[in-house]
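Peer 1: Sharing a structure, written as structure tokens. Questions coming.
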Amino acid sequence: MKRTVCAKSIFELWGHGKCPEELYSSLKNYPVEKMALEFLPFEGKVNLKKPQHVFSILEDYGLDPNHIPENPHNIYFGRWIADGQRELIESYSVKKRHFIGNTSMDAGLSFIMANHGKVKKNDIVFDPFVGTGGLLIASAHFGAYVYGTDIDYNTVHGLGKASRKNQKWRGPDENIRANLRQYGLEKYYLDVLVSDASKPSWRKGTYFDAIITDPPYGIRESTRRTGSQKEIPKGIEKCPESHVPVSLSYHLSDMFFDLLNFSAETLVLGGRLVYWLPVYTPEYTEEMVPWHPCLKLISNCEQKLSSHTSRRLITMEKVKEFENRDQYSHLLSDHFLLYQGHNSFREKYFSGVTKRIAKEEKSGQE
Amino acid sequence: MRLLTHNLLSSHVRGVGPRGFPLRLQATEVRINPVEFNPDFIARMIPKVEWAALLEAADTLHLIEVPKEPIQGYERNEEFLRKMHHVLLEVEVLEGTLQCPESGRLFPISRGIPNMLLSDEETET
């Protein structure tokens, strides 16, 4: 319970019924021996300030807040054991965070990702698309030391236009390090770098215990990488301070396979990769989830974004040491071709149904 | 940029490969910043450190009392771990450069943040 943000509390169930009468008889049947040993049922003193035991009655009115029945579907009686960490969602809320971006991860989700990554004390966690550092905060909360890189100079330095309404420019206290400082986690900040995730600057070796990241989908943040200007320039931007033209559209499929290769190379054995994979829901199949011979798929959870798009939280674990030839094996995989077709995710996101109708009409004419 | 980070960075200029490590450090502004000592974390880092590169960087910054190599039973040696903690985590290069030993390419460090982006020519096949 010290880790979960999904469960509010946990109770030892003593009785259950669909109505009060059923509950009472269920309770009468609960064996006395199972009740806490140091006290006898309902004979101890009532202490509202510092109780030794807390009992709760929980009434289940169903899942639809717009149709609440007069009577509960179920009534439960139990002894409270522990609370989960749901208050972290409020205390780490993005609303109160000093430094945010357009796509800062929701606090609850960042803790879920850290849990999927099995982040623990003294781990080193890396986010190659760090943005404003939201995912690093959750890992630092669990005692991990954190690294981040991003291709965007301004975001890494905490400069440029603010993402908050009513605020034009970012202030001096708005950067990743300041965010960690806000929560008393500055000691876990190792470094952040301006770097292209497709051309990593880490030396050969395995030193990350977890790689937890939310790569750009090409919608609210563009997908970019450095490269030759001879190739298709889709909106060349020049960052004055960095003096490096950042151009090239970065195909989503390439980005995920670069990420998997990088993870396979730099994760310790048993280390985890946790990332979001955007999909166009009508065409999604499990087979298009990127694959790598060194990484085993642990879980794949969907979060709906819109009527025809969603993102999937993918968790993978390194189970095999990386060898040079592993670098290209994904090209032999069917998975690569399936996700490559997904490259027009951005178009699909914006055109969605319209495009499909147009396509159907066209094929109808042929 | 901390020296632990410098120890993990390599130049990725095309064609350079493993000869891109270690990057030659040059600092114009350095800050000593106390960080809470965590012996378990430092002990975990010791096997990952490339010692020659660390000594070279520490020497450039004129650091003293830098252990020359890991000693036997370092996991329980607080004095050793404290010295390593200071070298790896408490010395920050705020302004300076990292230079690729093979190609000579310079990567700037400003406000403590290295910029590893390469320009067009360097990424051309």
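Naming works like this for the structure tokens: A, B, ... for the chains as they're shown, residue 1 at the start of each chain, ligands 1 onward in shown order.
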With a cut-off of 8 Å, could you pull out the residues of chain B touching chain A and give me the nearest pair of atoms for each, distance in Å to one decimal, using only C-alpha atoms, ordered by chain and ascending number, as JSON lines?
Peer 2:
```
{"residue": "B:Met1", "atom": "CA", "partner": "A:Asp191", "partner_atom": "CA", "distance": 6.1}
{"residue": "B:Arg2", "atom": "CA", "partner": "A:Asp191", "partner_atom": "CA", "distance": 7.1}
{"residue": "B:Thr5", "atom": "CA", "partner": "A:Asp191", "partner_atom": "CA", "distance": 7.0}
{"residue": "B:Leu8", "atom": "CA", "partner": "A:Arg203", "partner_atom": "CA", "distance": 5.6}
{"residue": "B:Leu9", "atom": "CA", "partner": "A:Trp202", "partner_atom": "CA", "distance": 4.6}
{"residue": "B:Ser10", "atom": "CA", "partner": "A:Arg203", "partner_atom": "CA", "distance": 5.0}
{"residue": "B:Ser11", "atom": "CA", "partner": "A:Ser201", "partner_atom": "CA", "distance": 6.0}
{"residue": "B:His12", "atom": "CA", "partner": "A:Ser201", "partner_atom": "CA", "distance": 5.9}
{"residue": "B:Pro18", "atom": "CA", "partner": "A:Arg203", "partner_atom": "CA", "distance": 7.7}
{"residue": "B:Phe21", "atom": "CA", "partner": "A:Arg203", "partner_atom": "CA", "distance": 7.0}
{"residue": "B:Val35", "atom": "CA", "partner": "A:Lys187", "partner_atom": "CA", "distance": 6.0}
{"residue": "B:Glu36", "atom": "CA", "partner": "A:Lys187", "partner_atom": "CA", "distance": 6.5}
{"residue": "B:Asp40", "atom": "CA", "partner": "A:Asn122", "partner_atom": "CA", "distance": 7.2}
{"residue": "B:Phe41", "atom": "CA", "partner": "A:Asn122", "partner_atom": "CA", "distance": 5.2}
{"residue": "B:Arg44", "atom": "CA", "partner": "A:Asn122", "partner_atom": "CA", "distance": 7.9}
{"residue": "B:Lys48", "atom": "CA", "partner": "A:Tyr207", "partner_atom": "CA", "distance": 7.1}
{"residue": "B:Leu89", "atom": "CA", "partner": "A:Leu190", "partner_atom": "CA", "distance": 7.7}
{"residue": "B:Arg111", "atom": "CA", "partner": "A:His157", "partner_atom": "CA", "distance": 7.9}
{"residue": "B:Ile113", "atom": "CA", "partner": "A:Leu193", "partner_atom": "CA", "distance": 5.5}
{"residue": "B:Pro114", "atom": "CA", "partner": "A:Leu193", "partner_atom": "CA", "distance": 5.3}
{"residue": "B:Asn115", "atom": "CA", "partner": "A:Val194", "partner_atom": "CA", "distance": 4.6}
{"residue": "B:Met116", "atom": "CA", "partner": "A:Ser195", "partner_atom": "CA", "distance": 5.1}
{"residue": "B:Leu117", "atom": "CA", "partner": "A:Ser195", "partner_atom": "CA", "distance": 5.3}
{"residue": "B:Leu118", "atom": "CA", "partner": "A:Thr226", "partner_atom": "CA", "distance": 7.0}
{"residue": "B:Ser119", "atom": "CA", "partner": "A:Val244", "partner_atom": "CA", "distance": 5.6}
{"residue": "B:Asp120", "atom": "CA", "partner": "A:Ser228", "partner_atom": "CA", "distance": 4.7}
{"residue": "B:Glu121", "atom": "CA", "partner": "A:Ser228", "partner_atom": "CA", "distance": 6.7}
{"residue": "B:Thr123", "atom": "CA", "partner": "A:Gly227", "partner_atom": "CA", "distance": 5.6}
{"residue": "B:Glu124", "atom": "CA", "partner": "A:Ser228", "partner_atom": "CA", "distance": 5.8}
```
Peer 1: DSSP on the backbone: which residues in chain B end up as strand (DSSP E or B)? Give the answer as a list in words.
Peer 2: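 Strand (DSSP E or B) members of chain B, listed: Arg2, Leu9, Arg24, Leu25, Gln26, Ala27, Thr28, Glu29, Val30, Arg31, Ile32, Val91, Glu92, Val93, Leu94, Glu95, Gly96, Thr97, Leu98, Gln99, Leu106, Phe107, Pro108, Ile109, Ser110, Ile113, Pro114 and Asn115 of chain B.
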Peer 1: Would you compute the distance between atom CA of A:Leu135 and atom CA of A:Glu323? Give it in Å to one decimal.
Peer 2: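 Computed distance, atom CA of A:Leu135 to atom CA of A:Glu323, equals 29.1 Å.
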Peer 1: Rank nothing, just name the residue among A:Ala178, A:Ala114, A:Ile68, A:Val46 nearest to A:His98, using only C-alpha atoms.
Peer 2: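 Looking only at the distances to A:His98, the closest residue turns out to be A:Ala178.
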Peer 1: What separation in Å, quoted to one decimal, exists between atom CA of A:Trp14 and atom CA of A:Trp80?
Peer 2: 10.6 Å
Peer 1: Please identify all polymer residues within 10 Å of stretch 296-311 of chain A, counting only C-alpha atoms, omitting same-chain residues fewer than 5 positions from it, and present them as a PyMOL selection string.
Peer 2: chain A and resi 116+217+270+272-284+286+289-291+316-320+345+348-350+352-353
Peer 1: What does the distance from atom CA of B:Glu102 to atom CA of B:Ala53 come to in Å, to one decimal?
Peer 2: 14.9 Å
Peer 1: Go through B:Val87, B:Leu98, B:Leu81, B:Leu61 and flag the residue nearest B:Glu29, using only C-alpha atoms for the distances.
Peer 2: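 Among B:Val87, B:Leu98, B:Leu81, B:Leu61, it is B:Leu61 that comes nearest to B:Glu29.
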